[in-house]
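Student: Have a look at this one.
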Amino acid sequence: MIRLSLFAAAMAVLPTLVAANEEAVTTFALENGMQVVVVEDHRAPVVQHMVWYRAGSADEPKGSSGVAHFLEHLLFKATDTLEAGELSATVARNGGRDNAFTSYDYTAYFQRVAADRLELMMRMESDRMRNIRLTEDNINTERDVIIEERNQRTENNPGALFGEQIAAAQFLNHRYAVPIIGWMHEMRTLDMDDALGFYEIYYSPNNAILVVSGDVTPDEVRTLAEKYYGVIPANPDLPERTRTEEPPQTAERRLIFRDARVAQPYVRRSYLAQERDPGAQQEAAALTILAEILGGGTTSYLTNALQFDMQIATYSAGFYRGVSLDDATFNLIVVPRPEVSLQEAEDALDATIAQFMIDGVDPEQLDRIKRQIRANQIYARDDVDQIANRYGQALAVGLTVEDVQAWPDILEAVTADDIMQAARNVFDKRASVTGWLMREEITQ
């Protein structure tokens with residue numbers, strides 16, 4: 001009887017998983033050029049409402065680093081119809097939550113609320129798309145806030161400062177070399193003209209993507225979007241999204257970052273890597289799985305080699321995030337045992353990579369990783385926040401809805417040969433930065 005009950009429960013869950021694997025996605029554009037994506041999920045009366053702008057820190061003018069993130073803060077101030085802080089207070093009063101975030105390639109604003117509050121969210125969000133009202137007090141106050149944020153998250157964190165130097169060394173001519181929050185000396189000079197200049201260029205419907213996921217219908221979203229966003233005129237002077245290109249990287253780069261506050265020295269290696277491109281995501285898929293094979297947990301290749309076999313490391317990891325407009329990076333980290341020098345750790349990392357290129361991919365491990373990825377993707381579809389983020393992030397960097405939907409099958413189709421070819425492509429020391437994070441008083 002118990003076995004029959006368990007079987008019945010398992011069969012009851014199966015249709016949910018199958019249905020979740022088939023997202024109901026509708027996409028259309030308003031007359032002013034705003035792109036709209038609707039992902040229906042009627043299992044709970046909740047919606048995620050997001051507006052993504054195709055403008056991030058890598059789109060900032062030189063000398064104004066941090067202005068994209070600065071403007072994100074300022075959009076929570078007053079508009080022509082809302083007082084400062086009223087938007088967030090209204091969301092909270094209606095039982096929801098809201099926030100925003102800035103990346104290299106985009107800035108996004110979101111509210112997660114009950115489905116019957118969607119119109120209220122659109123009314124407020126569309127208002128701050130064009131009707132922001134700033135004062136010099138706002139500028140001065142929020143500039144102090146972002147400076148303090150940098151002090152807390154970056155200046156007080158040797159690892160964060162080290163990461164900034166890695167990125168600056170990796171990119172010689174591209175804005176990915178500049179931290180998203182900005183360089184401190186430039187943040188201190190940000191003013192009203194900087195903020196409004198960025199706002200007037202990039203905060204327009206023809207540079208934005210509206211993503212609504214959850215308990216909605218496409219017709220409902222279209223009606224509301226046309227009412228609130230559709231009346232905002234497009235920016236006819238929106239510049240083409242072009243970036244300075246990185247020259248061919250032909251020289252291995254190295255740096256040492258010393259700080260007396262470092263609790264645990266470690267080695268980090270960054271390689272220039274292919275990003276996910278529209279209609280051409282195969283190499284990015286292979287790199288995604290390669291990162292999991294090498295450094296994705298306690299059963300990874302690096303962990304087995306460096307922590308168990310050689311016993312020279314207390315921690316190792318590999319990570320790759322390919323959702324970017326331009327070239328991404330593939331990173332490896334080794335934290336050595338106290339008695340192991342950073343040079344020994346780096347040598348062991350190089351030896352392990354070389355051995356992996358000989359050993360190749362373990363078929364059982366590859367199969368296990370694919371199953372884990374597929375399971376994570378299915379369960380993520382139960383979260384309207386993750387759904388909206390997946391589509392918004394991809395579209396903001398030039399991918400399409402079709403690319404997002406094809407991604408799981410592309411990952412599933414990756415072969416061991418694909419992974420090894422991606423490894424040969426990415427593990428080119430001429431396009432790498434090797435950094436040592438170490439205590440100030442230690443010499444090697």
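Chain labels A, B, ... are given in the sequence in which chains occur in the structure tokens; within each chain residues are numbered consecutively from 1, and ligands are likewise numbered from 1 in the order shown.
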Dump as a Markdown table the rows for residues of region 188-306 of chain A within 12 Å of region 45-59 of chain A: closest atom pair and distance in Å with one decimal, only C-alpha atoms counted, ordered by chain and rising residue number.
Tutor:
| residue | atom | partner | partner_atom | distance |
| --- | --- | --- | --- | --- |
| A:Phe198 | CA | A:Ala55 | CA | 9.0 |
| A:Tyr199 | CA | A:Ala55 | CA | 9.8 |
| A:Glu200 | CA | A:Ala55 | CA | 11.8 |
| A:Ile201 | CA | A:Ala55 | CA | 9.5 |
| A:Tyr202 | CA | A:Ala55 | CA | 6.4 |
| A:Tyr203 | CA | A:Tyr53 | CA | 6.8 |
| A:Ser204 | CA | A:Tyr53 | CA | 8.2 |
| A:Pro205 | CA | A:Tyr53 | CA | 8.6 |
| A:Asn206 | CA | A:Tyr53 | CA | 9.2 |
| A:Asn207 | CA | A:Arg54 | CA | 5.8 |
| A:Ala208 | CA | A:Tyr53 | CA | 4.5 |
| A:Ile209 | CA | A:Trp52 | CA | 5.0 |
| A:Leu210 | CA | A:Val51 | CA | 4.7 |
| A:Val211 | CA | A:Met50 | CA | 5.2 |
| A:Val212 | CA | A:His49 | CA | 4.7 |
| A:Ser213 | CA | A:Gln48 | CA | 5.3 |
| A:Gly214 | CA | A:Val47 | CA | 4.4 |
| A:Asp215 | CA | A:Pro45 | CA | 5.3 |
| A:Val216 | CA | A:Val47 | CA | 7.3 |
| A:Thr217 | CA | A:Val47 | CA | 10.8 |
| A:Val221 | CA | A:His49 | CA | 10.2 |
| A:Leu224 | CA | A:His49 | CA | 11.9 |
| A:Ala225 | CA | A:His49 | CA | 11.1 |
| A:Tyr229 | CA | A:Val51 | CA | 10.6 |
| A:Leu238 | CA | A:Arg54 | CA | 11.0 |
| A:Pro239 | CA | A:Asp59 | CA | 10.6 |
| A:Glu240 | CA | A:Asp59 | CA | 10.9 |
| A:Arg241 | CA | A:Asp59 | CA | 8.1 |
| A:Thr242 | CA | A:Asp59 | CA | 8.6 |
| A:Arg243 | CA | A:Asp59 | CA | 7.7 |
| A:Thr244 | CA | A:Ala58 | CA | 9.8 |
| A:Glu245 | CA | A:Ala58 | CA | 11.9 |
Student: Which residues, written as a list in words, have at least one atom at most 12 Å from Arg439 (chain A), with only C-alpha atoms counted and residues fewer than 5 positions away on the same chain left out?
Tutor: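 My list of contacting residues is Pro158, Gly159, Phe162, Ile256, Phe257, Arg258, Asp259, Ala260, Arg261, Val262, Ala263, Gln264, Pro265, Tyr266, Leu342 and Gln444 of chain A.
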Student: Contacts of Gln355 (chain A) at 12 Å or less, counting only C-alpha atoms, minus same-chain residues fewer than 3 places along, as a PDB file with N, CA and C atoms, in the first residue's frame?
Tutor:
ATOM      1  N   LEU A 294      35.523  20.898 -14.280  1.00  0.00           N
ATOM      2  CA  LEU A 294      36.785  21.254 -13.643  1.00  0.00           C
ATOM      3  C   LEU A 294      36.609  21.755 -12.217  1.00  0.00           C
ATOM      4  N   TYR A 301      37.105  17.827 -11.166  1.00  0.00           N
ATOM      5  CA  TYR A 301      38.454  17.380 -11.520  1.00  0.00           C
ATOM      6  C   TYR A 301      39.509  18.109 -10.679  1.00  0.00           C
ATOM      7  N   LEU A 302      39.354  19.423 -10.528  1.00  0.00           N
ATOM      8  CA  LEU A 302      40.319  20.187  -9.740  1.00  0.00           C
ATOM      9  C   LEU A 302      40.308  19.756  -8.281  1.00  0.00           C
ATOM     10  N   ALA A 305      42.041  16.380  -7.899  1.00  0.00           N
ATOM     11  CA  ALA A 305      43.486  16.441  -8.132  1.00  0.00           C
ATOM     12  C   ALA A 305      44.205  17.253  -7.059  1.00  0.00           C
ATOM     13  N   LEU A 306      43.713  18.459  -6.769  1.00  0.00           N
ATOM     14  CA  LEU A 306      44.451  19.394  -5.920  1.00  0.00           C
ATOM     15  C   LEU A 306      44.175  19.201  -4.437  1.00  0.00           C
ATOM     16  N   ALA A 348      50.860  23.505  -9.574  1.00  0.00           N
ATOM     17  CA  ALA A 348      49.945  22.361  -9.486  1.00  0.00           C
ATOM     18  C   ALA A 348      48.714  22.587 -10.359  1.00  0.00           C
ATOM     19  N   LEU A 349      48.233  23.827 -10.419  1.00  0.00           N
ATOM     20  CA  LEU A 349      47.101  24.135 -11.291  1.00  0.00           C
ATOM     21  C   LEU A 349      47.468  23.874 -12.754  1.00  0.00           C
ATOM     22  N   ASP A 350      48.626  24.351 -13.170  1.00  0.00           N
ATOM     23  CA  ASP A 350      49.063  24.129 -14.552  1.00  0.00           C
ATOM     24  C   ASP A 350      49.206  22.642 -14.849  1.00  0.00           C
ATOM     25  N   ALA A 351      49.787  21.903 -13.912  1.00  0.00           N
ATOM     26  CA  ALA A 351      49.962  20.464 -14.113  1.00  0.00           C
ATOM     27  C   ALA A 351      48.616  19.754 -14.203  1.00  0.00           C
ATOM     28  N   THR A 352      47.645  20.211 -13.423  1.00  0.00           N
ATOM     29  CA  THR A 352      46.319  19.581 -13.426  1.00  0.00           C
ATOM     30  C   THR A 352      45.591  19.849 -14.741  1.00  0.00           C
ATOM     31  N   ILE A 358      45.032  15.538 -21.248  1.00  0.00           N
ATOM     32  CA  ILE A 358      45.407  14.164 -21.627  1.00  0.00           C
ATOM     33  C   ILE A 358      44.279  13.190 -21.284  1.00  0.00           C
ATOM     34  N   ASP A 359      43.736  13.327 -20.077  1.00  0.00           N
ATOM     35  CA  ASP A 359      42.712  12.385 -19.612  1.00  0.00           C
ATOM     36  C   ASP A 359      41.403  12.523 -20.373  1.00  0.00           C
ATOM     37  N   GLY A 360      41.026  13.760 -20.679  1.00  0.00           N
ATOM     38  CA  GLY A 360      39.746  13.992 -21.338  1.00  0.00           C
ATOM     39  C   GLY A 360      38.579  13.933 -20.366  1.00  0.00           C
ATOM     40  N   VAL A 361      37.390  13.857 -20.911  1.00  0.00           N
ATOM     41  CA  VAL A 361      36.160  13.934 -20.127  1.00  0.00           C
ATOM     42  C   VAL A 361      35.723  12.540 -19.684  1.00  0.00           C
TER      43      VAL A 361
END
Student: What are the DSSP strand (DSSP E) residues of region 107-263 of chain A, as a PyMOL selection string?
Tutor: chain A and resi 107-114+208-214+253-258
Student: Can you tell me, as a ChimeraX atom specification, what residues are no more than 10 Å from Pro61 (chain A) when counting only C-alpha atoms, ignoring any on the same chain fewer than 3 positions away?
Tutor: /A:57-58,64-68,175,194,197-198
Student: I need the residues from that last selection saved to file as an mmCIF file, in the first residue's frame (with N, CA and C atoms), if you can.
Tutor:
data_model
loop_
_atom_site.group_PDB
_atom_site.id
_atom_site.type_symbol
_atom_site.label_atom_id
_atom_site.label_comp_id
_atom_site.auth_asym_id
_atom_site.auth_seq_id
_atom_site.Cartn_x
_atom_site.Cartn_y
_atom_site.Cartn_z
ATOM 1 N N SER A 57 27.265 49.502 -17.193
ATOM 2 C CA SER A 57 28.486 50.258 -16.932
ATOM 3 C C SER A 57 29.418 50.309 -18.134
ATOM 4 N N ALA A 58 29.363 49.289 -19.005
ATOM 5 C CA ALA A 58 30.242 49.293 -20.177
ATOM 6 C C ALA A 58 29.777 50.286 -21.240
ATOM 7 N N SER A 64 33.288 58.871 -16.480
ATOM 8 C CA SER A 64 32.072 58.892 -15.659
ATOM 9 C C SER A 64 31.738 57.498 -15.154
ATOM 10 N N SER A 65 32.752 56.733 -14.796
ATOM 11 C CA SER A 65 32.488 55.364 -14.361
ATOM 12 C C SER A 65 31.600 55.372 -13.124
ATOM 13 N N GLY A 66 30.650 54.445 -13.105
ATOM 14 C CA GLY A 66 29.718 54.346 -12.002
ATOM 15 C C GLY A 66 28.407 55.059 -12.230
ATOM 16 N N VAL A 67 28.265 55.797 -13.349
ATOM 17 C CA VAL A 67 27.048 56.590 -13.538
ATOM 18 C C VAL A 67 25.831 55.710 -13.781
ATOM 19 N N ALA A 68 25.993 54.537 -14.412
ATOM 20 C CA ALA A 68 24.848 53.644 -14.627
ATOM 21 C C ALA A 68 24.287 53.169 -13.299
ATOM 22 N N ARG A 175 35.511 48.256 -22.030
ATOM 23 C CA ARG A 175 34.980 48.816 -20.794
ATOM 24 C C ARG A 175 34.712 47.758 -19.726
ATOM 25 N N ASP A 194 25.838 64.350 -15.418
ATOM 26 C CA ASP A 194 26.211 62.967 -15.734
ATOM 27 C C ASP A 194 24.988 62.054 -15.664
ATOM 28 N N GLY A 197 22.279 63.012 -18.308
ATOM 29 C CA GLY A 197 22.779 62.711 -19.655
ATOM 30 C C GLY A 197 22.621 61.241 -19.986
ATOM 31 N N PHE A 198 22.971 60.371 -19.052
ATOM 32 C CA PHE A 198 22.828 58.925 -19.263
ATOM 33 C C PHE A 198 21.349 58.549 -19.342
#
